[in-house]
Amino acid sequence: MKGKPGVPPALSDAMRELQKNDIVNTVCTGYASDGMGVTHIDGRAVFVSGAVAGEACEIRILKVLKNAAFARVERVLTPSPERCDPGCPHYPACGGCRTRHMSYAEELRFKKQKVEDALRRIGGADVTLEAIHASPETDRYRNKAQLPVGEGPRIGFYRGRTHDVLDVPDCRLQPEAVSCLRAAVLGWMRDYAVPAYDERAHRGLVRHLHVRTGSNGSALVCLVVNAPAEKELPGEEQLVRRLLKAHPALSGAVLSSNTARTNVVLGRDFRTLWGRDFLDETLCGLRFRLSVPSFFQVNRGQCQRLYARALDFAALTGRETVLDLYCGIGTITLCMARHAWRAIGAEIVPEAVEDARANARLNGMTNAEFIRGDAGGISAHLAREGVRPDVITVDPPRKGLSPEAVAAIAQMSPQKIVYISCDPATLGRDVKLFSQRGFLVQRAEAVDMFPRTEHIETVALLSAGK
């Protein structure tokens with residue numbers, strides 16, 4: 001096949017060893033866990049960004065390893081009927097949305113297969129997802145944005161697999177309020193010559209713009225700066241005025257001090273610039289106060305569906321004691337408490353424990369209590385008090401449970417474990433560890449909390465025996 005000017009001709013699978021910048025004609029047969037297309041050339045798995053399963057493509061090899069290679073689509077030769085227009089001017093440069101080039105139906109098929117593969121291949125569990133729950137909204141669904149700030153100034157998102165900030169005036173996944181508030185901060189920075197943070201030199205002031213939006217239209221803004229929280233910003237009052245003009249339903253503006261050389265977004269010290277330092281939100285008929293560092297699922301509608309599935313798996317009768325590990329501000333704990341005799345939430349972060357207790361009072365929940373500690377410590381504490389939870393729920397961060405946490409949970413011998421996971425790979429790993437202690441997966445469903453990305457939420461039911 002004749003190549004393009006300055007480009008080597010396309011190779012067949014039978015030709016020479018792959019090299020960087022080779023152009024190859026191939027058919028992608030499936031997906032990797034991050035949504036990249038997969039094909040096989042010269043005995044290697046080749047991972048192709050921007051490919052849809054089943055279509056013939058001309059691809060460019062970007063990197064060659066011993067047993068794998070990475071490539072991108074140069075030209076689609078025979079498009080899949082599931083290929084679609086991404087509908088975003090920042091795709092694929094922005095690293096946020098990996099699945100905008102495929103239909104939503106195809107995205108759901110990929111995610112279902114991703115979860116089942118993780119449970120079977122990593123977890124060794126012979127289980128098929130009972131359902132994958134689609135999101136009614138695939139745009140404007142996120143209630144939290146963390147936008148890095150770069151020199152220019154630029155406010156947006158990192159380019160894929162880099163820390164180069166791409167200026168993004170409007171993200172399709174965020175409410176329009178975020179775009180308005182972003183523009184206000186950008187204008188303030190330009191007018192007052194406020195320097196953006198340079199992470200390589202550890203200089204500059206503004207690191208991130210953090211925005212949380214509520215279902216009632218309110219918003220809470222936090223500016224993360226490389227300075228002490230008590231230090232006044234240039235034109236601080238003008239910044240607040242611009243934020244209020246950009247979004248009159250603003251609940252508050254907060255400053256977060258983060259002077260560490262770290263990729264962690266928020267610092268530990270906060271100062272309220274204006275208004276309140278929290279949002280009021282409702283979830284599953286309960287009220288919650290969300291401060292800037294509070295964990296709260298980014299897709300409120302799908303979160304309610306996820307918790308409903310978790311409740312269904314728990315099958316509470318009102319007589320059970322429920323232990324909720326990694327409880328955060330108490331969202332799952334309080335949802336379970338309405339259907340249990342007693343609910344205990346455990347969390348290692350002290351501020352989250354205080355928020356959870358406040359939320360219990362806010363909802364008049366007297367059968368819910370919150371204690372600070374990790375899984376091992378909580379296990380020992382409950383054992384001393386003679387408490388044996390009937391149901392244990394866990395919703396850990398992406399890294400999943402530690403082996404010590406798995407051991408502590410199994411040692412408490414609950415009737416049921418309801419595991420909520422945002423990473424099928426670590427869920428599979430932990431399922432394997434639980435199976436070695438006699439707890440097997442009985443049911444699993446997926447809830448698409450993150451449309452147009454490769455991420456998926458899963459809820460699994462484990463219990464002892466068959």
# chains A, B, ... in the order shown; residues from 1 in each chain; ligands from 1

$ closest_atom_pairs --of "region 111-153 of chain A" --to "region 168-190 of chain A" --cutoff "10 Å" --atoms "only C-alpha atoms" --output "CSV"
residue,atom,partner,partner_atom,distance
A:Glu137,CA,A:Leu173,CA,9.6
A:Thr138,CA,A:Leu173,CA,7.5
A:Asp139,CA,A:Leu173,CA,4.8
A:Arg140,CA,A:Leu173,CA,4.4
A:Tyr141,CA,A:Leu173,CA,5.9
A:Arg142,CA,A:Gln174,CA,5.3
A:Asn143,CA,A:Gln174,CA,7.1
A:Lys144,CA,A:Gln174,CA,7.7
A:Ala145,CA,A:Gln174,CA,7.1
A:Gln146,CA,A:Val178,CA,10.0
A:Leu147,CA,A:Arg182,CA,8.6
A:Val149,CA,A:Leu186,CA,9.3
A:Gly152,CA,A:Arg190,CA,8.7
A:Pro153,CA,A:Leu186,CA,7.0

$ residues_around --residues "Thr393 (chain A)" --least-positions-apart "6" --cutoff "9 Å" --atoms "only C-alpha atoms" --output "list in words"
Ala310, Ala314, Val322, Leu323, Asp324, Leu325, Tyr326, Cys327, Ile332, Thr333, Lys416, Ile417, Val418, Tyr419 and Ile420 of chain A

$ write_last_selection --atoms "C-alpha atoms" --output "compact mmCIF listing (two decimals), in the first residue's frame"
# COMPACT_ATOMS: atom_id res chain seq x y z
CA ALA A 310 -26.78 -1.25 47.74
CA ALA A 314 -28.33 -5.49 51.99
CA VAL A 322 -24.81 -2.19 59.89
CA LEU A 323 -21.17 -1.12 59.84
CA ASP A 324 -20.24 1.34 57.08
CA LEU A 325 -16.48 1.57 56.54
CA TYR A 326 -14.97 4.54 54.68
CA CYS A 327 -18.20 6.37 55.48
CA ILE A 332 -24.41 5.53 52.94
CA THR A 333 -24.54 5.16 56.73
CA LYS A 416 -23.32 -9.84 54.11
CA ILE A 417 -20.68 -7.53 52.69
CA VAL A 418 -21.90 -4.86 50.28
CA TYR A 419 -18.88 -3.58 48.36
CA ILE A 420 -19.18 -0.36 46.34

$ atom_distance --atom1 "CA of Arg276 (chain A)" --atom2 "CA of Arg357 (chain A)"
19.0 Å

$ closest_residue --among "A:Lys20, A:Lys112, A:Arg159, A:His90" --to "Ala69 (chain A)" --atoms "only C-alpha atoms"
A:Lys20

$ residues_around --residues "Asp355 (chain A)" --least-positions-apart "6" --cutoff "8 Å" --atoms "only C-alpha atoms" --output "PyMOL selection string"
chain A and resi 289+329-330

$ write_last_selection --atoms "N, CA and C atoms" --output "PDB file, in the first residue's frame"
ATOM      1  N   ARG A 289     -24.776  18.558  54.490  1.00  0.00           N
ATOM      2  CA  ARG A 289     -23.963  19.753  54.340  1.00  0.00           C
ATOM      3  C   ARG A 289     -22.617  19.332  53.774  1.00  0.00           C
ATOM      4  N   ILE A 329     -18.818  11.510  54.832  1.00  0.00           N
ATOM      5  CA  ILE A 329     -19.723  12.386  55.575  1.00  0.00           C
ATOM      6  C   ILE A 329     -21.021  11.670  55.961  1.00  0.00           C
ATOM      7  N   GLY A 330     -21.050  10.352  55.794  1.00  0.00           N
ATOM      8  CA  GLY A 330     -22.169   9.572  56.302  1.00  0.00           C
ATOM      9  C   GLY A 330     -23.314   9.322  55.346  1.00  0.00           C
TER      10      GLY A 330
END

$ closest_atom_pairs --of "region 417-464 of chain A" --to "region 294-300 of chain A" --cutoff "10 Å" --atoms "only C-alpha atoms" --output "tab-separated table"
residue	atom	partner	partner_atom	distance
A:Asp448	CA	A:Asn299	CA	9.2
A:Met449	CA	A:Asn299	CA	5.8
A:Phe450	CA	A:Asn299	CA	7.3
A:Pro451	CA	A:Asn299	CA	9.5

$ closest_residue --among "A:Gly35, A:Gly43, A:Gly54, A:Pro403" --to "Arg83 (chain A)" --atoms "only C-alpha atoms"
A:Gly54

$ residues_around --residues "Val76 (chain A)" --least-positions-apart "3" --cutoff "8 Å" --atoms "only C-alpha atoms" --output "PyMOL selection string"
chain A and resi 55-58+73+79

$ write_last_selection --atoms "C-alpha atoms" --output "compact mmCIF listing (two decimals), in the first residue's frame"
# COMPACT_ATOMS: atom_id res chain seq x y z
CA GLU A 55 -13.56 -1.21 12.67
CA ALA A 56 -10.61 -1.28 10.28
CA CYS A 57 -8.16 1.54 10.91
CA GLU A 58 -4.87 2.90 9.74
CA VAL A 73 -5.86 6.15 14.86
CA PRO A 79 -15.99 2.84 10.50

$ residues_around --residues "Tyr158 (chain A)" --least-positions-apart "6" --cutoff "7 Å" --atoms "only C-alpha atoms" --output "list in words"
Cys94, Gly95, Asp164, Val165 and Leu166 of chain A

$ write_last_selection --atoms "C-alpha atoms" --output "compact mmCIF listing (two decimals), in the first residue's frame"
# COMPACT_ATOMS: atom_id res chain seq x y z
CA CYS A 94 -8.06 16.89 26.98
CA GLY A 95 -7.40 13.79 29.04
CA ASP A 164 0.30 20.58 30.65
CA VAL A 165 -2.83 22.65 31.31
CA LEU A 166 -5.21 22.89 28.35

$ select_by_dssp --residues "region 104-280 of chain A" --states "alpha helix (DSSP H)" --output "NGL selection string"
:A and (104-117 or 176-191 or 236-246)

$ write_last_selection --atoms "C-alpha atoms" --output "PDB file, in the first residue's frame"
ATOM      1  CA  TYR A 104     -23.229   5.640  24.571  1.00  0.00           C
ATOM      2  CA  ALA A 105     -24.611   2.149  23.952  1.00  0.00           C
ATOM      3  CA  GLU A 106     -21.123   0.998  22.914  1.00  0.00           C
ATOM      4  CA  GLU A 107     -19.632   2.703  25.974  1.00  0.00           C
ATOM      5  CA  LEU A 108     -21.983   0.750  28.222  1.00  0.00           C
ATOM      6  CA  ARG A 109     -21.054  -2.520  26.485  1.00  0.00           C
ATOM      7  CA  PHE A 110     -17.372  -1.743  27.032  1.00  0.00           C
ATOM      8  CA  LYS A 111     -17.949  -0.938  30.710  1.00  0.00           C
ATOM      9  CA  LYS A 112     -20.020  -4.053  31.348  1.00  0.00           C
ATOM     10  CA  GLN A 113     -17.283  -6.190  29.820  1.00  0.00           C
ATOM     11  CA  LYS A 114     -14.657  -4.313  31.850  1.00  0.00           C
ATOM     12  CA  VAL A 115     -16.370  -5.134  35.152  1.00  0.00           C
ATOM     13  CA  GLU A 116     -17.059  -8.770  34.251  1.00  0.00           C
ATOM     14  CA  ASP A 117     -13.480  -9.286  33.071  1.00  0.00           C
ATOM     15  CA  GLU A 176     -22.579  25.964  32.825  1.00  0.00           C
ATOM     16  CA  ALA A 177     -22.126  27.660  36.217  1.00  0.00           C
ATOM     17  CA  VAL A 178     -18.593  26.248  36.326  1.00  0.00           C
ATOM     18  CA  SER A 179     -17.739  27.886  33.008  1.00  0.00           C
ATOM     19  CA  CYS A 180     -19.085  31.255  34.207  1.00  0.00           C
ATOM     20  CA  LEU A 181     -17.119  31.089  37.462  1.00  0.00           C
ATOM     21  CA  ARG A 182     -13.989  29.994  35.602  1.00  0.00           C
ATOM     22  CA  ALA A 183     -14.246  33.043  33.330  1.00  0.00           C
ATOM     23  CA  ALA A 184     -14.597  35.314  36.370  1.00  0.00           C
ATOM     24  CA  VAL A 185     -11.444  33.915  37.991  1.00  0.00           C
ATOM     25  CA  LEU A 186      -9.522  34.106  34.712  1.00  0.00           C
ATOM     26  CA  GLY A 187     -10.512  37.761  34.231  1.00  0.00           C
ATOM     27  CA  TRP A 188      -9.476  38.595  37.805  1.00  0.00           C
ATOM     28  CA  MET A 189      -6.093  36.924  37.337  1.00  0.00           C
ATOM     29  CA  ARG A 190      -5.432  38.862  34.125  1.00  0.00           C
ATOM     30  CA  ASP A 191      -6.574  42.235  35.469  1.00  0.00           C
ATOM     31  CA  GLU A 236      -9.721  40.034  46.905  1.00  0.00           C
ATOM     32  CA  GLU A 237     -12.952  42.021  47.179  1.00  0.00           C
ATOM     33  CA  GLN A 238     -13.090  42.452  43.427  1.00  0.00           C
ATOM     34  CA  LEU A 239     -12.709  38.694  42.987  1.00  0.00           C
ATOM     35  CA  VAL A 240     -15.739  38.086  45.200  1.00  0.00           C
ATOM     36  CA  ARG A 241     -17.782  40.676  43.279  1.00  0.00           C
ATOM     37  CA  ARG A 242     -16.907  39.033  39.979  1.00  0.00           C
ATOM     38  CA  LEU A 243     -17.825  35.589  41.287  1.00  0.00           C
ATOM     39  CA  LEU A 244     -21.222  36.860  42.489  1.00  0.00           C
ATOM     40  CA  LYS A 245     -21.872  38.551  39.158  1.00  0.00           C
ATOM     41  CA  ALA A 246     -20.924  35.384  37.277  1.00  0.00           C
TER      42      ALA A 246
END

$ closest_residue --among "A:Pro397, A:Asp269, A:Ala410, A:Arg452" --to "Gln436 (chain A)" --atoms "only C-alpha atoms"
A:Ala410

$ closest_residue --among "A:Val64, A:Trp274, A:Asp198, A:Leu334" --to "Glu151 (chain A)" --atoms "only C-alpha atoms"
A:Asp198
